[in-house]
Structure formats: C-alpha cells, structure tokens
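Visitor: Input file: start_22.txt. Contents: compact mmCIF, N, CA, C and O atoms.
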```txt
# COMPACT_ATOMS: atom_id res chain seq x y z
N MET K 750 109.31 93.31 111.93
CA MET K 750 108.42 94.26 111.27
C MET K 750 107.22 93.52 110.67
O MET K 750 107.39 92.51 110.01
N THR K 751 106.05 94.03 110.91
CA THR K 751 104.83 93.44 110.37
C THR K 751 104.57 94.03 108.99
O THR K 751 104.64 95.24 108.81
N MET K 752 104.27 93.18 108.06
CA MET K 752 103.98 93.64 106.70
C MET K 752 102.47 93.79 106.54
O MET K 752 101.74 92.82 106.68
N HIS K 753 102.00 95.00 106.33
CA HIS K 753 100.56 95.17 106.13
C HIS K 753 100.23 94.98 104.65
O HIS K 753 101.09 95.11 103.79
N THR K 754 98.99 94.66 104.38
CA THR K 754 98.53 94.35 103.04
C THR K 754 97.30 95.19 102.72
O THR K 754 96.34 95.18 103.47
N LYS K 755 97.37 95.88 101.58
CA LYS K 755 96.25 96.71 101.16
C LYS K 755 95.35 95.91 100.22
O LYS K 755 95.81 95.26 99.30
N LEU K 756 94.06 95.97 100.52
CA LEU K 756 93.05 95.28 99.71
C LEU K 756 92.22 96.29 98.94
O LEU K 756 91.94 97.39 99.42
N TYR K 757 91.80 95.89 97.75
CA TYR K 757 90.91 96.69 96.91
C TYR K 757 89.52 96.07 97.02
O TYR K 757 89.36 94.86 96.82
N VAL K 758 88.54 96.88 97.37
CA VAL K 758 87.16 96.43 97.54
C VAL K 758 86.31 97.18 96.52
O VAL K 758 86.21 98.40 96.57
N ASP K 759 85.72 96.44 95.58
CA ASP K 759 84.98 97.07 94.48
C ASP K 759 83.50 96.70 94.55
O ASP K 759 83.11 95.74 95.21
N ASN K 760 82.71 97.48 93.83
CA ASN K 760 81.27 97.28 93.69
C ASN K 760 80.52 97.60 94.99
O ASN K 760 79.58 96.91 95.35
N LEU K 761 80.95 98.65 95.67
CA LEU K 761 80.26 99.08 96.89
C LEU K 761 78.99 99.83 96.55
O LEU K 761 78.95 100.61 95.60
N ALA K 762 77.97 99.65 97.37
CA ALA K 762 76.76 100.46 97.26
C ALA K 762 77.12 101.89 97.67
O ALA K 762 78.02 102.10 98.49
N ALA K 763 76.43 102.86 97.13
CA ALA K 763 76.72 104.27 97.40
C ALA K 763 76.64 104.60 98.89
O ALA K 763 77.36 105.47 99.38
N ALA K 764 75.79 103.91 99.63
CA ALA K 764 75.59 104.22 101.05
C ALA K 764 76.63 103.56 101.97
O ALA K 764 76.62 103.80 103.17
N THR K 765 77.52 102.72 101.43
CA THR K 765 78.49 102.01 102.26
C THR K 765 79.48 102.99 102.89
O THR K 765 80.03 103.85 102.21
N THR K 766 79.70 102.85 104.20
CA THR K 766 80.59 103.75 104.93
C THR K 766 81.86 103.02 105.38
O THR K 766 81.92 101.79 105.33
N GLU K 767 82.83 103.81 105.86
CA GLU K 767 84.05 103.22 106.43
C GLU K 767 83.69 102.32 107.62
O GLU K 767 84.27 101.25 107.79
N THR K 768 82.71 102.73 108.41
CA THR K 768 82.28 101.93 109.57
C THR K 768 81.73 100.58 109.12
O THR K 768 82.02 99.55 109.72
N ASP K 769 80.93 100.58 108.04
CA ASP K 769 80.40 99.32 107.50
C ASP K 769 81.54 98.37 107.14
O ASP K 769 81.50 97.18 107.45
N LEU K 770 82.56 98.92 106.50
CA LEU K 770 83.69 98.09 106.07
C LEU K 770 84.53 97.63 107.26
O LEU K 770 85.00 96.49 107.29
N ARG K 771 84.72 98.51 108.25
CA ARG K 771 85.45 98.11 109.46
C ARG K 771 84.75 96.92 110.12
O ARG K 771 85.39 95.95 110.50
N ASP K 772 83.42 97.00 110.24
CA ASP K 772 82.64 95.93 110.86
C ASP K 772 82.75 94.63 110.06
O ASP K 772 82.80 93.54 110.63
N LEU K 773 82.80 94.74 108.75
CA LEU K 773 82.86 93.58 107.86
C LEU K 773 84.24 92.92 107.88
O LEU K 773 84.35 91.69 107.91
N PHE K 774 85.31 93.73 107.90
CA PHE K 774 86.67 93.19 107.79
C PHE K 774 87.30 92.85 109.14
O PHE K 774 88.20 92.01 109.21
N ALA K 775 86.87 93.47 110.23
CA ALA K 775 87.49 93.29 111.55
C ALA K 775 87.58 91.83 112.01
O ALA K 775 88.59 91.45 112.60
N PRO K 776 86.59 90.98 111.75
CA PRO K 776 86.71 89.59 112.22
C PRO K 776 87.88 88.82 111.58
O PRO K 776 88.26 87.77 112.06
N HIS K 777 88.46 89.36 110.52
CA HIS K 777 89.52 88.65 109.79
C HIS K 777 90.92 89.09 110.21
O HIS K 777 91.90 88.51 109.77
N GLY K 778 91.02 90.11 111.05
CA GLY K 778 92.33 90.56 111.51
C GLY K 778 92.32 92.04 111.82
O GLY K 778 91.31 92.73 111.62
N ASN K 779 93.44 92.52 112.33
CA ASN K 779 93.54 93.94 112.68
C ASN K 779 93.55 94.81 111.43
O ASN K 779 94.25 94.51 110.47
N LEU K 780 92.78 95.89 111.50
CA LEU K 780 92.72 96.84 110.39
C LEU K 780 93.64 98.02 110.67
O LEU K 780 93.66 98.55 111.78
N MET K 781 94.39 98.41 109.67
CA MET K 781 95.25 99.59 109.78
C MET K 781 94.50 100.84 109.31
O MET K 781 94.59 101.89 109.91
N GLU K 782 93.77 100.67 108.19
CA GLU K 782 93.11 101.83 107.57
C GLU K 782 91.97 101.37 106.69
O GLU K 782 92.04 100.30 106.07
N VAL K 783 90.91 102.18 106.63
CA VAL K 783 89.79 101.96 105.72
C VAL K 783 89.53 103.28 105.02
O VAL K 783 89.38 104.31 105.68
N ASN K 784 89.48 103.25 103.69
CA ASN K 784 89.30 104.48 102.93
C ASN K 784 88.35 104.25 101.77
O ASN K 784 88.71 103.61 100.79
N VAL K 785 87.11 104.78 101.90
CA VAL K 785 86.15 104.72 100.80
C VAL K 785 86.46 105.88 99.86
O VAL K 785 86.53 107.03 100.29
N ALA K 786 86.68 105.57 98.58
CA ALA K 786 86.99 106.61 97.59
C ALA K 786 85.74 107.46 97.35
O ALA K 786 84.65 106.92 97.15
N ARG K 787 85.93 108.76 97.39
CA ARG K 787 84.80 109.69 97.21
C ARG K 787 85.09 110.67 96.09
O ARG K 787 86.23 111.05 95.87
N ASP K 788 84.04 111.07 95.39
CA ASP K 788 84.15 112.09 94.36
C ASP K 788 84.52 113.42 95.02
O ASP K 788 83.92 113.79 96.03
N ARG K 789 85.50 114.11 94.48
CA ARG K 789 85.98 115.35 95.11
C ARG K 789 84.94 116.47 95.13
O ARG K 789 84.91 117.26 96.06
N THR K 790 84.09 116.52 94.13
CA THR K 790 83.13 117.62 94.09
C THR K 790 81.82 117.30 94.82
O THR K 790 81.31 118.12 95.56
N SER K 791 81.30 116.09 94.63
CA SER K 791 80.00 115.77 95.24
C SER K 791 80.14 115.10 96.61
O SER K 791 79.20 115.10 97.38
N GLY K 792 81.29 114.50 96.89
CA GLY K 792 81.46 113.79 98.14
C GLY K 792 80.84 112.41 98.16
O GLY K 792 80.92 111.69 99.15
N ARG K 793 80.21 112.00 97.05
CA ARG K 793 79.58 110.68 96.98
C ARG K 793 80.62 109.58 96.77
O ARG K 793 81.67 109.81 96.17
N SER K 794 80.28 108.40 97.23
CA SER K 794 81.16 107.24 97.05
C SER K 794 81.36 106.97 95.57
O SER K 794 80.43 107.10 94.77
N ARG K 795 82.60 106.58 95.22
CA ARG K 795 82.90 106.22 93.83
C ARG K 795 82.73 104.72 93.60
O ARG K 795 83.02 104.22 92.52
N GLY K 796 82.25 103.99 94.63
CA GLY K 796 81.93 102.58 94.47
C GLY K 796 83.07 101.62 94.79
O GLY K 796 82.95 100.43 94.57
N PHE K 797 84.18 102.16 95.31
CA PHE K 797 85.26 101.27 95.71
C PHE K 797 85.96 101.83 96.93
O PHE K 797 85.77 102.98 97.31
N ALA K 798 86.79 100.98 97.55
CA ALA K 798 87.50 101.38 98.77
C ALA K 798 88.80 100.60 98.86
O ALA K 798 89.01 99.61 98.15
N PHE K 799 89.66 101.06 99.75
CA PHE K 799 90.88 100.35 100.09
C PHE K 799 90.84 100.05 101.58
O PHE K 799 90.51 100.92 102.39
N VAL K 800 91.15 98.80 101.93
CA VAL K 800 91.21 98.38 103.32
C VAL K 800 92.61 97.83 103.54
O VAL K 800 93.05 96.93 102.82
N THR K 801 93.33 98.39 104.51
CA THR K 801 94.67 97.91 104.81
C THR K 801 94.62 97.04 106.06
O THR K 801 94.22 97.49 107.12
N MET K 802 95.02 95.78 105.88
CA MET K 802 95.05 94.80 106.97
C MET K 802 96.45 94.76 107.55
O MET K 802 97.43 94.93 106.83
N ALA K 803 96.56 94.52 108.86
CA ALA K 803 97.85 94.53 109.54
C ALA K 803 98.75 93.36 109.13
O ALA K 803 99.97 93.48 109.15
N THR K 804 98.15 92.23 108.73
CA THR K 804 98.95 91.06 108.37
C THR K 804 98.49 90.47 107.04
O THR K 804 97.32 90.64 106.64
N LEU K 805 99.39 89.76 106.40
CA LEU K 805 99.06 89.06 105.16
C LEU K 805 98.02 87.98 105.43
O LEU K 805 97.10 87.78 104.64
N GLU K 806 98.13 87.31 106.58
CA GLU K 806 97.17 86.26 106.94
C GLU K 806 95.75 86.83 107.06
O GLU K 806 94.79 86.22 106.60
N GLY K 807 95.63 87.99 107.71
CA GLY K 807 94.33 88.64 107.83
C GLY K 807 93.78 89.04 106.48
O GLY K 807 92.58 88.89 106.21
N ALA K 808 94.65 89.54 105.62
CA ALA K 808 94.22 89.94 104.28
C ALA K 808 93.73 88.74 103.49
O ALA K 808 92.67 88.79 102.84
N GLN K 809 94.47 87.63 103.55
CA GLN K 809 94.06 86.43 102.82
C GLN K 809 92.75 85.87 103.35
O GLN K 809 91.89 85.44 102.58
N SER K 810 92.57 85.92 104.67
CA SER K 810 91.32 85.47 105.28
C SER K 810 90.15 86.33 104.79
O SER K 810 89.08 85.81 104.44
N ALA K 811 90.36 87.65 104.76
CA ALA K 811 89.29 88.56 104.31
C ALA K 811 88.95 88.33 102.84
O ALA K 811 87.77 88.31 102.48
N ILE K 812 89.96 88.13 102.00
CA ILE K 812 89.70 87.89 100.58
C ILE K 812 88.87 86.61 100.42
O ILE K 812 87.86 86.60 99.73
N GLN K 813 89.29 85.53 101.09
CA GLN K 813 88.57 84.25 100.98
C GLN K 813 87.12 84.38 101.45
O GLN K 813 86.21 83.85 100.82
N ALA K 814 86.93 85.06 102.57
CA ALA K 814 85.59 85.13 103.17
C ALA K 814 84.68 86.15 102.49
O ALA K 814 83.46 85.95 102.44
N LEU K 815 85.24 87.26 101.99
CA LEU K 815 84.39 88.37 101.57
C LEU K 815 84.27 88.57 100.06
O LEU K 815 83.35 89.23 99.61
N ASN K 816 85.19 88.03 99.27
CA ASN K 816 85.07 88.16 97.82
C ASN K 816 83.82 87.41 97.36
O ASN K 816 83.66 86.23 97.64
N GLY K 817 82.91 88.12 96.71
CA GLY K 817 81.65 87.52 96.27
C GLY K 817 80.52 87.62 97.29
O GLY K 817 79.40 87.23 97.01
N LYS K 818 80.83 88.17 98.48
CA LYS K 818 79.80 88.33 99.53
C LYS K 818 78.90 89.52 99.18
O LYS K 818 79.34 90.51 98.63
N THR K 819 77.63 89.41 99.55
CA THR K 819 76.69 90.50 99.32
C THR K 819 76.71 91.44 100.52
O THR K 819 76.62 91.00 101.67
N LEU K 820 76.86 92.72 100.25
CA LEU K 820 76.76 93.76 101.27
C LEU K 820 75.71 94.74 100.78
O LEU K 820 75.91 95.40 99.75
N GLY K 821 74.60 94.83 101.51
CA GLY K 821 73.49 95.65 101.02
C GLY K 821 72.96 95.00 99.76
O GLY K 821 72.62 93.82 99.76
N SER K 822 72.92 95.76 98.66
CA SER K 822 72.40 95.22 97.40
C SER K 822 73.53 94.89 96.43
O SER K 822 73.27 94.57 95.27
N SER K 823 74.80 94.96 96.87
CA SER K 823 75.93 94.76 95.97
C SER K 823 76.73 93.51 96.32
O SER K 823 76.89 93.17 97.49
N THR K 824 77.27 92.87 95.30
CA THR K 824 78.17 91.73 95.49
C THR K 824 79.59 92.27 95.42
O THR K 824 80.01 92.82 94.40
N LEU K 825 80.32 92.12 96.51
CA LEU K 825 81.66 92.70 96.61
C LEU K 825 82.70 91.92 95.82
O LEU K 825 82.62 90.70 95.70
N THR K 826 83.69 92.65 95.31
CA THR K 826 84.89 92.06 94.75
C THR K 826 86.02 92.51 95.67
O THR K 826 86.24 93.71 95.86
N VAL K 827 86.73 91.55 96.28
CA VAL K 827 87.82 91.86 97.21
C VAL K 827 89.08 91.18 96.70
O VAL K 827 89.08 89.96 96.46
N SER K 828 90.14 91.96 96.50
CA SER K 828 91.41 91.41 96.02
C SER K 828 92.56 92.23 96.58
O SER K 828 92.36 93.32 97.12
N GLU K 829 93.76 91.71 96.44
CA GLU K 829 94.92 92.47 96.86
C GLU K 829 95.08 93.65 95.92
O GLU K 829 94.92 93.52 94.70
N ALA K 830 95.33 94.82 96.47
CA ALA K 830 95.47 96.03 95.66
C ALA K 830 96.77 96.00 94.87
O ALA K 830 97.77 95.46 95.34
N TRP K 831 96.75 96.59 93.69
CA TRP K 831 97.96 96.73 92.90
C TRP K 831 98.85 97.77 93.57
O TRP K 831 98.35 98.72 94.17
N PRO K 832 100.17 97.63 93.44
CA PRO K 832 101.06 98.66 94.01
C PRO K 832 100.78 100.02 93.39
O PRO K 832 100.50 100.11 92.20
N HIS K 833 100.85 101.05 94.22
CA HIS K 833 100.61 102.42 93.76
C HIS K 833 101.78 102.88 92.90
O HIS K 833 102.93 102.76 93.30
N GLU K 834 101.50 103.39 91.73
CA GLU K 834 102.55 103.92 90.87
C GLU K 834 102.57 105.44 91.01
O GLU K 834 101.53 106.08 91.02
N GLN K 835 103.76 105.98 91.10
CA GLN K 835 103.89 107.43 91.19
C GLN K 835 103.49 108.03 89.84
O GLN K 835 103.90 107.54 88.79
N ARG K 836 102.71 109.09 89.89
CA ARG K 836 102.28 109.75 88.66
C ARG K 836 103.18 110.97 88.41
O ARG K 836 103.57 111.65 89.34
N ALA K 837 103.45 111.22 87.16
CA ALA K 837 104.22 112.42 86.81
C ALA K 837 103.34 113.64 87.04
O ALA K 837 102.14 113.62 86.78
N SER K 838 103.91 114.72 87.59
CA SER K 838 103.09 115.89 87.84
C SER K 838 103.03 116.82 86.67
O SER K 838 103.69 116.74 85.72
```
Could you take the file, read its structure, and then write that structure out as structure tokens?
Guide:
Amino acid sequence: MTMHTKLYVDNLAAATTETDLRDLFAPHGNLMEVNVARDRTSGRSRGFAFVTMATLEGAQSAIQALNGKTLGSSTLTVSEAWPHEQRAS
C-alpha cells in the first residue's frame, strides 16, 4: 500500500488555480489531489490549498524545493498538513 501525504500550501495569490499548483508540484512526484480553498459565498481563493502527493518521497521533495519559492507575487509556505480532526456537529 502506498502512503500518500497531504501538504499545506499557504500564502497563495488570489489568482492561483489548481492547474497552477499541479504544474508546480508535478515535477516532484505523482499528485493525488489539488484543492484550493475557496470562500463559500464569493468563490474567491482563501489564500491556501492542500496538495496530496502519492508518496512521502514526493512530498518531501516538494517541500524542499517549493517552500519559500515565489509564485506570482507571493512567497509560498509549503509544509506537511496537520491531521484532520473531526469536528463536533
């Protein structure tokens, strides 16, 4: 079984798309999912995203290469995402 790793990408420019992130992260390994967080009412980017890499090695490569990299006018912060906690309803 392959263990995928979710990355947290912060400080995105408002115009950054899932395609932009796929193009940026793909050289570091197979991508499982790219999800730019959007405001529910306006649909605008909330300035962060989650990128799920197929392997831990790919995730580590992406963190090393892309943390602190400039994309558009923003300097990205890339780190391993914290585990999702279930919220009480």
Visitor: Which parts of chain K does DSSP call helix (DSSP H, G or I) when run on the backbone here, written out as a compact mmCIF listing (two decimals) with N, CA, C and O atoms, in the frame of the given file?
Guide:
```txt
# COMPACT_ATOMS: atom_id res chain seq x y z
N GLU K 767 82.83 103.81 105.86
CA GLU K 767 84.05 103.22 106.43
C GLU K 767 83.69 102.32 107.62
O GLU K 767 84.27 101.25 107.79
N THR K 768 82.71 102.73 108.41
CA THR K 768 82.28 101.93 109.57
C THR K 768 81.73 100.58 109.12
O THR K 768 82.02 99.55 109.72
N ASP K 769 80.93 100.58 108.04
CA ASP K 769 80.40 99.32 107.50
C ASP K 769 81.54 98.37 107.14
O ASP K 769 81.50 97.18 107.45
N LEU K 770 82.56 98.92 106.50
CA LEU K 770 83.69 98.09 106.07
C LEU K 770 84.53 97.63 107.26
O LEU K 770 85.00 96.49 107.29
N ARG K 771 84.72 98.51 108.25
CA ARG K 771 85.45 98.11 109.46
C ARG K 771 84.75 96.92 110.12
O ARG K 771 85.39 95.95 110.50
N ASP K 772 83.42 97.00 110.24
CA ASP K 772 82.64 95.93 110.86
C ASP K 772 82.75 94.63 110.06
O ASP K 772 82.80 93.54 110.63
N LEU K 773 82.80 94.74 108.75
CA LEU K 773 82.86 93.58 107.86
C LEU K 773 84.24 92.92 107.88
O LEU K 773 84.35 91.69 107.91
N PHE K 774 85.31 93.73 107.90
CA PHE K 774 86.67 93.19 107.79
C PHE K 774 87.30 92.85 109.14
O PHE K 774 88.20 92.01 109.21
N ALA K 775 86.87 93.47 110.23
CA ALA K 775 87.49 93.29 111.55
C ALA K 775 87.58 91.83 112.01
O ALA K 775 88.59 91.45 112.60
N PRO K 776 86.59 90.98 111.75
CA PRO K 776 86.71 89.59 112.22
C PRO K 776 87.88 88.82 111.58
O PRO K 776 88.26 87.77 112.06
N HIS K 777 88.46 89.36 110.52
CA HIS K 777 89.52 88.65 109.79
C HIS K 777 90.92 89.09 110.21
O HIS K 777 91.90 88.51 109.77
N LEU K 805 99.39 89.76 106.40
CA LEU K 805 99.06 89.06 105.16
C LEU K 805 98.02 87.98 105.43
O LEU K 805 97.10 87.78 104.64
N GLU K 806 98.13 87.31 106.58
CA GLU K 806 97.17 86.26 106.94
C GLU K 806 95.75 86.83 107.06
O GLU K 806 94.79 86.22 106.60
N GLY K 807 95.63 87.99 107.71
CA GLY K 807 94.33 88.64 107.83
C GLY K 807 93.78 89.04 106.48
O GLY K 807 92.58 88.89 106.21
N ALA K 808 94.65 89.54 105.62
CA ALA K 808 94.22 89.94 104.28
C ALA K 808 93.73 88.74 103.49
O ALA K 808 92.67 88.79 102.84
N GLN K 809 94.47 87.63 103.55
CA GLN K 809 94.06 86.43 102.82
C GLN K 809 92.75 85.87 103.35
O GLN K 809 91.89 85.44 102.58
N SER K 810 92.57 85.92 104.67
CA SER K 810 91.32 85.47 105.28
C SER K 810 90.15 86.33 104.79
O SER K 810 89.08 85.81 104.44
N ALA K 811 90.36 87.65 104.76
CA ALA K 811 89.29 88.56 104.31
C ALA K 811 88.95 88.33 102.84
O ALA K 811 87.77 88.31 102.48
N ILE K 812 89.96 88.13 102.00
CA ILE K 812 89.70 87.89 100.58
C ILE K 812 88.87 86.61 100.42
O ILE K 812 87.86 86.60 99.73
N GLN K 813 89.29 85.53 101.09
CA GLN K 813 88.57 84.25 100.98
C GLN K 813 87.12 84.38 101.45
O GLN K 813 86.21 83.85 100.82
N ALA K 814 86.93 85.06 102.57
CA ALA K 814 85.59 85.13 103.17
C ALA K 814 84.68 86.15 102.49
O ALA K 814 83.46 85.95 102.44
N LEU K 815 85.24 87.26 101.99
CA LEU K 815 84.39 88.37 101.57
C LEU K 815 84.27 88.57 100.06
O LEU K 815 83.35 89.23 99.61
```
Visitor: Do you have, as a Markdown table, the list of residues of stretch 797-825 of chain K lying at most 8 Å from stretch 750-765 of chain K, each with its nearest atom pair and that distance in Å to one decimal, counting only C-alpha atoms and ordered by chain then number?
Guide:
```
| residue | atom | partner | partner_atom | distance |
| --- | --- | --- | --- | --- |
| K:Phe797 | CA | K:Asp759 | CA | 4.4 |
| K:Ala798 | CA | K:Val758 | CA | 5.1 |
| K:Phe799 | CA | K:Tyr757 | CA | 4.8 |
| K:Val800 | CA | K:Leu756 | CA | 5.1 |
| K:Thr801 | CA | K:Lys755 | CA | 4.2 |
| K:Met802 | CA | K:Thr754 | CA | 5.3 |
| K:Ala803 | CA | K:His753 | CA | 4.4 |
| K:Thr804 | CA | K:His753 | CA | 4.9 |
| K:Leu805 | CA | K:Thr754 | CA | 5.7 |
| K:Ala808 | CA | K:Thr754 | CA | 6.3 |
| K:Leu820 | CA | K:Leu761 | CA | 7.7 |
| K:Gly821 | CA | K:Ala762 | CA | 6.9 |
| K:Ser822 | CA | K:Ala762 | CA | 6.8 |
| K:Ser823 | CA | K:Ala762 | CA | 5.9 |
| K:Thr824 | CA | K:Asn760 | CA | 6.6 |
| K:Leu825 | CA | K:Asn760 | CA | 5.4 |
```
Visitor: What gap, in Å, lies between atom CA of K:Glu806 and atom N of K:Arg787?
Guide: 26.9 Å
Visitor: One decimal, Å: what's the distance from atom N of K:Gly807 over to atom O of K:Arg795, could you say?
Guide: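 Interatomic distance, atom N of K:Gly807 to atom O of K:Arg795: 25.6 Å.
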Visitor: Could you tell me how far atom CA of K:Thr766 sits from atom CA of K:Val785, in Å to one decimal place?
Guide: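 Distance reported for this atom pair: 7.0 Å.
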Visitor: Complete stretch 782-792 of chain K with all heavy atoms (output as a compact mmCIF listing (two decimals), in the frame of the given file).
Guide:
```txt
# COMPACT_ATOMS: atom_id res chain seq x y z
N GLU K 782 93.77 100.67 108.19
CA GLU K 782 93.11 101.83 107.57
C GLU K 782 91.97 101.37 106.69
O GLU K 782 92.04 100.30 106.07
CB GLU K 782 94.14 102.59 106.72
CG GLU K 782 93.62 103.84 106.06
CD GLU K 782 94.70 104.56 105.25
OE1 GLU K 782 95.69 103.92 104.84
OE2 GLU K 782 94.52 105.75 105.02
N VAL K 783 90.91 102.18 106.63
CA VAL K 783 89.79 101.96 105.72
C VAL K 783 89.53 103.28 105.02
O VAL K 783 89.38 104.31 105.68
CB VAL K 783 88.52 101.50 106.47
CG1 VAL K 783 87.35 101.35 105.51
CG2 VAL K 783 88.77 100.19 107.20
N ASN K 784 89.48 103.25 103.69
CA ASN K 784 89.30 104.48 102.93
C ASN K 784 88.35 104.25 101.77
O ASN K 784 88.71 103.61 100.79
CB ASN K 784 90.67 104.96 102.42
CG ASN K 784 90.59 106.28 101.68
OD1 ASN K 784 89.55 106.92 101.65
ND2 ASN K 784 91.68 106.67 101.08
N VAL K 785 87.11 104.78 101.90
CA VAL K 785 86.15 104.72 100.80
C VAL K 785 86.46 105.88 99.86
O VAL K 785 86.53 107.03 100.29
CB VAL K 785 84.69 104.83 101.32
CG1 VAL K 785 83.71 104.92 100.16
CG2 VAL K 785 84.35 103.64 102.21
N ALA K 786 86.68 105.57 98.58
CA ALA K 786 86.99 106.61 97.59
C ALA K 786 85.74 107.46 97.35
O ALA K 786 84.65 106.92 97.15
CB ALA K 786 87.46 105.98 96.29
N ARG K 787 85.93 108.76 97.39
CA ARG K 787 84.80 109.69 97.21
C ARG K 787 85.09 110.67 96.09
O ARG K 787 86.23 111.05 95.87
CB ARG K 787 84.53 110.45 98.50
CG ARG K 787 84.23 109.52 99.66
CD ARG K 787 83.37 110.17 100.71
NE ARG K 787 82.96 109.19 101.70
CZ ARG K 787 81.89 108.42 101.61
NH1 ARG K 787 81.09 108.53 100.59
NH2 ARG K 787 81.61 107.56 102.57
N ASP K 788 84.04 111.07 95.39
CA ASP K 788 84.15 112.09 94.36
C ASP K 788 84.52 113.42 95.02
O ASP K 788 83.92 113.79 96.03
CB ASP K 788 82.81 112.21 93.63
CG ASP K 788 82.87 113.22 92.51
OD1 ASP K 788 82.61 114.41 92.80
OD2 ASP K 788 83.16 112.83 91.37
N ARG K 789 85.50 114.11 94.48
CA ARG K 789 85.98 115.35 95.11
C ARG K 789 84.94 116.47 95.13
O ARG K 789 84.91 117.26 96.06
CB ARG K 789 87.24 115.85 94.39
CG ARG K 789 88.42 114.98 94.68
CD ARG K 789 89.66 115.51 94.03
NE ARG K 789 90.76 114.58 94.27
CZ ARG K 789 91.88 114.58 93.62
NH1 ARG K 789 92.10 115.46 92.68
NH2 ARG K 789 92.81 113.70 93.90
N THR K 790 84.09 116.52 94.13
CA THR K 790 83.13 117.62 94.09
C THR K 790 81.82 117.30 94.82
O THR K 790 81.31 118.12 95.56
CB THR K 790 82.82 118.04 92.64
OG1 THR K 790 82.43 116.90 91.90
CG2 THR K 790 84.04 118.67 91.99
N SER K 791 81.30 116.09 94.63
CA SER K 791 80.00 115.77 95.24
C SER K 791 80.14 115.10 96.61
O SER K 791 79.20 115.10 97.38
CB SER K 791 79.21 114.84 94.31
OG SER K 791 79.80 113.55 94.30
N GLY K 792 81.29 114.50 96.89
CA GLY K 792 81.46 113.79 98.14
C GLY K 792 80.84 112.41 98.16
O GLY K 792 80.92 111.69 99.15
```
